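Below is one structure; the comments refer to it alone.
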Amino acid sequence: MNARMFDPDTLTLRGVTIWEIGRNLQPIARIEAREGKLQGDEWLLRQTVQYRYSSGNLLQTVKKPEFKSAIQLSTTDLKTVGKQAENMGFAELYNYCDKLQKGGYDPTRYLTLLHAKLSAPFSPIVMAFLAIPFSIRTGRSSGPAVGIGLSLVIGLCYFIVNAFLISFGQAGALPPIVSAWAANVIFCAIGIWLALTVNR
């Protein structure tokens with residue numbers, strides 16, 4: 001079995017191909033489906049085309065709007081495989097998104113990860129930029145403990161906001177580029193506002 005894409009939110013496989021092989025490794029049948037969704041212990045395949053073979057020759061082609069397959073496939077295993085996209089390099093993930101688009105599949109989830117890989121290196125700069133107004137406001141009288149505490153709070157807030165925005169992008173609620181860069185823009189804007197309102 002092969003699938004081009006797995007959507008963990010809807011537990012849906014897209015671009016499914018299932019081969020049935022005989023004892024002599026000759027193909028017996030092939031099923032191609034636009035998508036497949038787990039229902040109970042079976043996978044419901046939609047927009048299917050079924051091919052039957054004999055001695056390597058095509059005998060029959062049948063189109064069915066739906067077809068139930070008893071393939072043994074765990075969604076837990078699929079989620080584990082899906083996490084590999086997070087470990088892809090930028091070029092590899094870019095090529096994967098390109099293949100999905102050319103195949104007619106929605107690459108929103110992976111485009112969000114792609115833009116997040118671009119925006120992530122700028123987060124330390126954003127944090128430093130935001131910390132400058134805070135350090136000027138608190139001054140030396142507050143002591144290092146206050147500075148450390150504020151740094152931890154700022155970092156935690158950034159992490160939470162960024163995680164939420166990226167999850168919205170992966171769900172399609174926000175455009176990928178917006179969800180990946182919004183946290184940097186928001187916290188930069190806060191830093192600018194704080195810098196402009198510092199008492200001179």
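Here's how to read the names in the structure tokens: chain A, B, ... by the order shown, residue numbers from 1 in each chain, ligand numbers from 1 in the order shown.
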
Exercise: stretch 46-59 of chain A partners within 6 Å, only C-alpha atoms, chain neighbours under 4 positions left out, as a PDB file with C-alpha atoms, in the first residue's frame:
ATOM      1  CA  ILE A  28      -3.431  -9.837  -8.889  1.00  0.00           C
ATOM      2  CA  ALA A  29      -5.227  -6.547  -8.283  1.00  0.00           C
ATOM      3  CA  ARG A  30      -4.654  -2.844  -7.766  1.00  0.00           C
ATOM      4  CA  ILE A  31      -6.955  -0.294  -6.153  1.00  0.00           C
ATOM      5  CA  GLU A  32      -6.470   3.435  -6.594  1.00  0.00           C
ATOM      6  CA  ALA A  33      -8.511   5.844  -4.447  1.00  0.00           C
ATOM      7  CA  ARG A  34      -8.699   9.598  -4.118  1.00  0.00           C
ATOM      8  CA  GLU A  35      -8.883   9.276  -0.321  1.00  0.00           C
ATOM      9  CA  LYS A  63     -14.858   2.300 -11.031  1.00  0.00           C
ATOM     10  CA  LYS A  64     -16.663   2.577  -7.702  1.00  0.00           C
ATOM     11  CA  PRO A  65     -17.580   5.709  -5.725  1.00  0.00           C
ATOM     12  CA  GLU A  66     -16.852   3.912  -2.433  1.00  0.00           C
TER      13      GLU A  66
END

| task | Write out as a list in words the residues lying within 12 Å of A:Tyr96, counting only C-alpha atoms and excluding same-chain residues fewer than 6 positions away. | result | Arg4, Met5, Gln84, Ala85, Glu86, Met88, Gly89, Phe90, Lys102, Gly103, Tyr105, Asp106, Pro107, Thr108, Arg109, Tyr110, Leu111, Leu113 and Leu114 of chain A

Keeping only all heavy atoms, take the residues you just selected and write them out as a short mmCIF file (atom, residue, chain, number, x, y, z; two decimals), in the first residue's frame.
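Done, and the output landed in part-v9.cif:
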data_model
loop_
_atom_site.label_atom_id
_atom_site.label_comp_id
_atom_site.auth_asym_id
_atom_site.auth_seq_id
_atom_site.Cartn_x
_atom_site.Cartn_y
_atom_site.Cartn_z
N ARG A 4 -0.01 9.15 -0.73
CA ARG A 4 0.76 10.37 -0.92
C ARG A 4 0.77 11.25 0.33
O ARG A 4 1.74 11.96 0.59
CB ARG A 4 0.20 11.19 -2.09
CG ARG A 4 0.44 10.56 -3.45
CD ARG A 4 -0.16 11.43 -4.52
NE ARG A 4 0.12 10.90 -5.85
CZ ARG A 4 1.17 11.22 -6.58
NH1 ARG A 4 2.06 12.07 -6.11
NH2 ARG A 4 1.34 10.71 -7.78
N MET A 5 -0.31 11.20 1.11
CA MET A 5 -0.44 12.14 2.22
C MET A 5 -1.37 11.58 3.28
O MET A 5 -2.31 10.85 2.99
CB MET A 5 -1.00 13.47 1.68
CG MET A 5 -1.18 14.56 2.70
SD MET A 5 -1.84 16.04 1.88
CE MET A 5 -2.08 17.11 3.28
N GLN A 84 7.56 12.75 10.77
CA GLN A 84 8.84 12.83 10.08
C GLN A 84 8.97 14.11 9.26
O GLN A 84 10.07 14.59 9.01
CB GLN A 84 9.02 11.61 9.16
CG GLN A 84 9.17 10.30 9.92
CD GLN A 84 9.30 9.10 8.99
OE1 GLN A 84 9.24 9.24 7.78
NE2 GLN A 84 9.49 7.93 9.56
N ALA A 85 7.83 14.68 8.85
CA ALA A 85 7.87 15.92 8.08
C ALA A 85 8.48 17.05 8.89
O ALA A 85 9.15 17.94 8.36
CB ALA A 85 6.46 16.30 7.63
N GLU A 86 8.29 17.02 10.22
CA GLU A 86 8.85 18.06 11.07
C GLU A 86 10.37 17.97 11.12
O GLU A 86 11.03 18.96 11.43
CB GLU A 86 8.26 17.94 12.48
CG GLU A 86 6.74 18.11 12.52
CD GLU A 86 6.19 17.91 13.91
OE1 GLU A 86 6.99 17.74 14.85
OE2 GLU A 86 4.94 17.93 14.06
N MET A 88 12.23 17.06 8.49
CA MET A 88 12.80 17.25 7.15
C MET A 88 13.58 18.56 7.10
O MET A 88 13.26 19.53 7.79
CB MET A 88 11.68 17.31 6.10
CG MET A 88 11.00 16.00 5.81
SD MET A 88 9.75 16.22 4.50
CE MET A 88 9.06 14.57 4.41
N GLY A 89 14.60 18.58 6.25
CA GLY A 89 15.30 19.82 5.98
C GLY A 89 14.44 20.73 5.13
O GLY A 89 13.41 20.31 4.58
N PHE A 90 14.85 21.99 4.99
CA PHE A 90 14.05 22.96 4.25
C PHE A 90 13.85 22.53 2.79
O PHE A 90 12.74 22.55 2.27
CB PHE A 90 14.70 24.34 4.31
CG PHE A 90 13.93 25.40 3.58
CD1 PHE A 90 12.87 26.04 4.19
CD2 PHE A 90 14.26 25.75 2.28
CE1 PHE A 90 12.14 27.01 3.52
CE2 PHE A 90 13.54 26.72 1.60
CZ PHE A 90 12.48 27.35 2.22
N LYS A 102 1.50 19.61 -7.12
CA LYS A 102 1.41 19.10 -8.48
C LYS A 102 0.49 17.90 -8.56
O LYS A 102 -0.11 17.64 -9.61
CB LYS A 102 2.80 18.73 -9.00
CG LYS A 102 3.69 19.95 -9.27
CD LYS A 102 5.06 19.53 -9.75
CE LYS A 102 5.92 20.76 -10.06
NZ LYS A 102 7.30 20.38 -10.49
N GLY A 103 0.37 17.16 -7.46
CA GLY A 103 -0.52 16.01 -7.44
C GLY A 103 -1.96 16.37 -7.15
O GLY A 103 -2.84 15.49 -7.12
N TYR A 105 -3.07 17.88 -4.28
CA TYR A 105 -3.40 17.73 -2.86
C TYR A 105 -3.10 19.03 -2.12
O TYR A 105 -2.26 19.83 -2.54
CB TYR A 105 -2.62 16.57 -2.24
CG TYR A 105 -2.90 15.26 -2.91
CD1 TYR A 105 -2.04 14.76 -3.87
CD2 TYR A 105 -4.05 14.55 -2.61
CE1 TYR A 105 -2.31 13.55 -4.52
CE2 TYR A 105 -4.33 13.34 -3.25
CZ TYR A 105 -3.45 12.85 -4.20
OH TYR A 105 -3.72 11.68 -4.83
N ASP A 106 -3.80 19.22 -1.01
CA ASP A 106 -3.64 20.45 -0.23
C ASP A 106 -2.41 20.34 0.68
O ASP A 106 -2.39 19.54 1.61
CB ASP A 106 -4.90 20.66 0.63
CG ASP A 106 -4.83 21.95 1.42
OD1 ASP A 106 -3.95 22.78 1.14
OD2 ASP A 106 -5.68 22.13 2.32
N PRO A 107 -1.37 21.15 0.44
CA PRO A 107 -0.15 21.06 1.24
C PRO A 107 -0.10 22.07 2.38
O PRO A 107 0.98 22.39 2.89
CB PRO A 107 0.93 21.37 0.21
CG PRO A 107 0.28 22.39 -0.67
CD PRO A 107 -1.20 22.08 -0.68
N THR A 108 -1.28 22.60 2.81
CA THR A 108 -1.31 23.69 3.79
C THR A 108 -0.53 23.34 5.06
O THR A 108 0.26 24.16 5.56
CB THR A 108 -2.77 24.02 4.17
OG1 THR A 108 -3.46 24.46 2.99
CG2 THR A 108 -2.81 25.13 5.20
N ARG A 109 -0.75 22.14 5.58
CA ARG A 109 -0.06 21.73 6.82
C ARG A 109 1.46 21.81 6.66
O ARG A 109 2.17 22.29 7.54
CB ARG A 109 -0.49 20.31 7.19
CG ARG A 109 0.34 19.65 8.29
CD ARG A 109 -0.18 18.28 8.61
NE ARG A 109 -1.49 18.38 9.22
CZ ARG A 109 -1.68 18.56 10.52
NH1 ARG A 109 -0.64 18.67 11.34
NH2 ARG A 109 -2.89 18.64 11.02
N TYR A 110 1.95 21.34 5.53
CA TYR A 110 3.39 21.27 5.33
C TYR A 110 3.97 22.61 4.89
O TYR A 110 5.12 22.92 5.18
CB TYR A 110 3.70 20.17 4.31
CG TYR A 110 3.18 18.83 4.76
CD1 TYR A 110 2.02 18.30 4.22
CD2 TYR A 110 3.83 18.11 5.76
CE1 TYR A 110 1.51 17.08 4.66
CE2 TYR A 110 3.33 16.90 6.20
CZ TYR A 110 2.17 16.39 5.65
OH TYR A 110 1.67 15.20 6.09
N LEU A 111 3.16 23.43 4.21
CA LEU A 111 3.61 24.78 3.88
C LEU A 111 3.77 25.61 5.15
O LEU A 111 4.68 26.45 5.25
CB LEU A 111 2.60 25.46 2.95
CG LEU A 111 2.67 25.09 1.47
CD1 LEU A 111 1.52 25.73 0.71
CD2 LEU A 111 4.01 25.52 0.87
N LEU A 113 4.67 24.39 8.08
CA LEU A 113 5.94 23.93 8.65
C LEU A 113 7.12 24.54 7.90
O LEU A 113 8.14 24.90 8.50
CB LEU A 113 6.02 22.41 8.60
CG LEU A 113 5.16 21.62 9.58
CD1 LEU A 113 5.28 20.12 9.31
CD2 LEU A 113 5.56 21.92 11.01
N LEU A 114 6.97 24.66 6.58
CA LEU A 114 8.03 25.22 5.75
C LEU A 114 8.31 26.67 6.14
O LEU A 114 9.47 27.06 6.35
CB LEU A 114 7.64 25.13 4.28
CG LEU A 114 8.68 25.60 3.26
CD1 LEU A 114 9.86 24.63 3.22
CD2 LEU A 114 8.06 25.71 1.88
#

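One distance worth recording is that between atom CA of A:Ser119 and atom CA of A:Leu11, which is 28.3 Å.
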
| field | DSSP helix (DSSP H, G or I) residues within stretch 32-193 of chain A, as JSON, numbers by chain | value | {"A": [75, 76, 77, 78, 79, 80, 81, 82, 83, 84, 85, 86, 87, 90, 91, 92, 93, 94, 95, 96, 97, 98, 99, 100, 101, 102, 108, 109, 110, 111, 112, 113, 114, 115, 116, 117, 118, 119, 120, 121, 122, 123, 124, 125, 126, 127, 128, 129, 130, 131, 132, 133, 134, 135, 136, 137, 138, 140, 141, 142, 144, 145, 146, 147, 148, 149, 150, 151, 152, 153, 154, 155, 156, 157, 158, 159, 160, 161, 162, 163, 164, 165, 166, 167, 168, 169, 170, 171, 176, 177, 178, 179, 180, 181, 182, 183, 184, 185, 186, 187, 188, 189, 190, 191, 192, 193]}

Once you count only C-alpha atoms, what closest atom pair and distance in Å to one decimal does each residue of stretch 50-134 of chain A within 8 Å of stretch 185-188 of chain A have, with rows by chain and rising residue number, as JSON lines?
{"residue": "A:Val126", "atom": "CA", "partner": "A:Cys188", "partner_atom": "CA", "distance": 6.0}
{"residue": "A:Met127", "atom": "CA", "partner": "A:Phe187", "partner_atom": "CA", "distance": 7.9}
{"residue": "A:Phe129", "atom": "CA", "partner": "A:Cys188", "partner_atom": "CA", "distance": 7.1}
{"residue": "A:Leu130", "atom": "CA", "partner": "A:Cys188", "partner_atom": "CA", "distance": 6.7}

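When only C-alpha atoms are used to measure the gap to A:Phe122, the shortest distance among A:Ala183, A:Leu13, A:Ile192, A:Leu73 belongs to A:Ala183.
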
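Between atom CA of A:Ile18 and atom CA of A:Gln39 the separation is 17.5 Å.
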
Excluding same-chain residues fewer than 6 positions from A:Asn2, what lies within 9 Å of it counting only C-alpha atoms, as a PDB file with all heavy atoms, in the first residue's frame?
ATOM      1  N   GLY A  15      -4.614  10.013  -1.977  1.00  0.00           N
ATOM      2  CA  GLY A  15      -3.793   9.424  -3.030  1.00  0.00           C
ATOM      3  C   GLY A  15      -3.381   8.002  -2.698  1.00  0.00           C
ATOM      4  O   GLY A  15      -2.204   7.681  -2.673  1.00  0.00           O
ATOM      5  N   VAL A  16      -4.362   7.136  -2.444  1.00  0.00           N
ATOM      6  CA  VAL A  16      -4.104   5.774  -1.967  1.00  0.00           C
ATOM      7  C   VAL A  16      -3.964   4.801  -3.137  1.00  0.00           C
ATOM      8  O   VAL A  16      -4.754   4.834  -4.083  1.00  0.00           O
ATOM      9  CB  VAL A  16      -5.241   5.299  -1.040  1.00  0.00           C
ATOM     10  CG1 VAL A  16      -4.945   3.904  -0.497  1.00  0.00           C
ATOM     11  CG2 VAL A  16      -5.440   6.287   0.105  1.00  0.00           C
ATOM     12  N   THR A  17      -2.963   3.942  -3.050  1.00  0.00           N
ATOM     13  CA  THR A  17      -2.788   2.840  -4.003  1.00  0.00           C
ATOM     14  C   THR A  17      -2.538   1.558  -3.227  1.00  0.00           C
ATOM     15  O   THR A  17      -1.646   1.519  -2.374  1.00  0.00           O
ATOM     16  CB  THR A  17      -1.607   3.088  -4.957  1.00  0.00           C
ATOM     17  OG1 THR A  17      -1.823   4.316  -5.660  1.00  0.00           O
ATOM     18  CG2 THR A  17      -1.477   1.949  -5.956  1.00  0.00           C
ATOM     19  N   ILE A  18      -3.337   0.526  -3.502  1.00  0.00           N
ATOM     20  CA  ILE A  18      -3.206  -0.764  -2.814  1.00  0.00           C
ATOM     21  C   ILE A  18      -2.970  -1.851  -3.857  1.00  0.00           C
ATOM     22  O   ILE A  18      -3.760  -2.018  -4.794  1.00  0.00           O
ATOM     23  CB  ILE A  18      -4.466  -1.103  -1.990  1.00  0.00           C
ATOM     24  CG1 ILE A  18      -4.735   0.003  -0.949  1.00  0.00           C
ATOM     25  CG2 ILE A  18      -4.310  -2.452  -1.289  1.00  0.00           C
ATOM     26  CD1 ILE A  18      -6.038  -0.186  -0.199  1.00  0.00           C
ATOM     27  N   TRP A  19      -1.884  -2.579  -3.700  1.00  0.00           N
ATOM     28  CA  TRP A  19      -1.556  -3.700  -4.591  1.00  0.00           C
ATOM     29  C   TRP A  19      -1.830  -5.024  -3.884  1.00  0.00           C
ATOM     30  O   TRP A  19      -1.526  -5.178  -2.700  1.00  0.00           O
ATOM     31  CB  TRP A  19      -0.085  -3.656  -4.998  1.00  0.00           C
ATOM     32  CG  TRP A  19       0.247  -2.634  -6.045  1.00  0.00           C
ATOM     33  CD1 TRP A  19       0.679  -1.361  -5.841  1.00  0.00           C
ATOM     34  CD2 TRP A  19       0.176  -2.816  -7.450  1.00  0.00           C
ATOM     35  NE1 TRP A  19       0.880  -0.729  -7.035  1.00  0.00           N
ATOM     36  CE2 TRP A  19       0.581  -1.601  -8.051  1.00  0.00           C
ATOM     37  CE3 TRP A  19      -0.190  -3.879  -8.286  1.00  0.00           C
ATOM     38  CZ2 TRP A  19       0.636  -1.418  -9.421  1.00  0.00           C
ATOM     39  CZ3 TRP A  19      -0.136  -3.701  -9.648  1.00  0.00           C
ATOM     40  CH2 TRP A  19       0.274  -2.485 -10.213  1.00  0.00           C
TER      41      TRP A  19
END

| task | Check the smallest atom-to-atom distance from each of A:Ser167, A:Ala180, A:Pro175, A:Ile190 to A:Ala131 using only C-alpha atoms, then report the winner. | result | A:Ile190
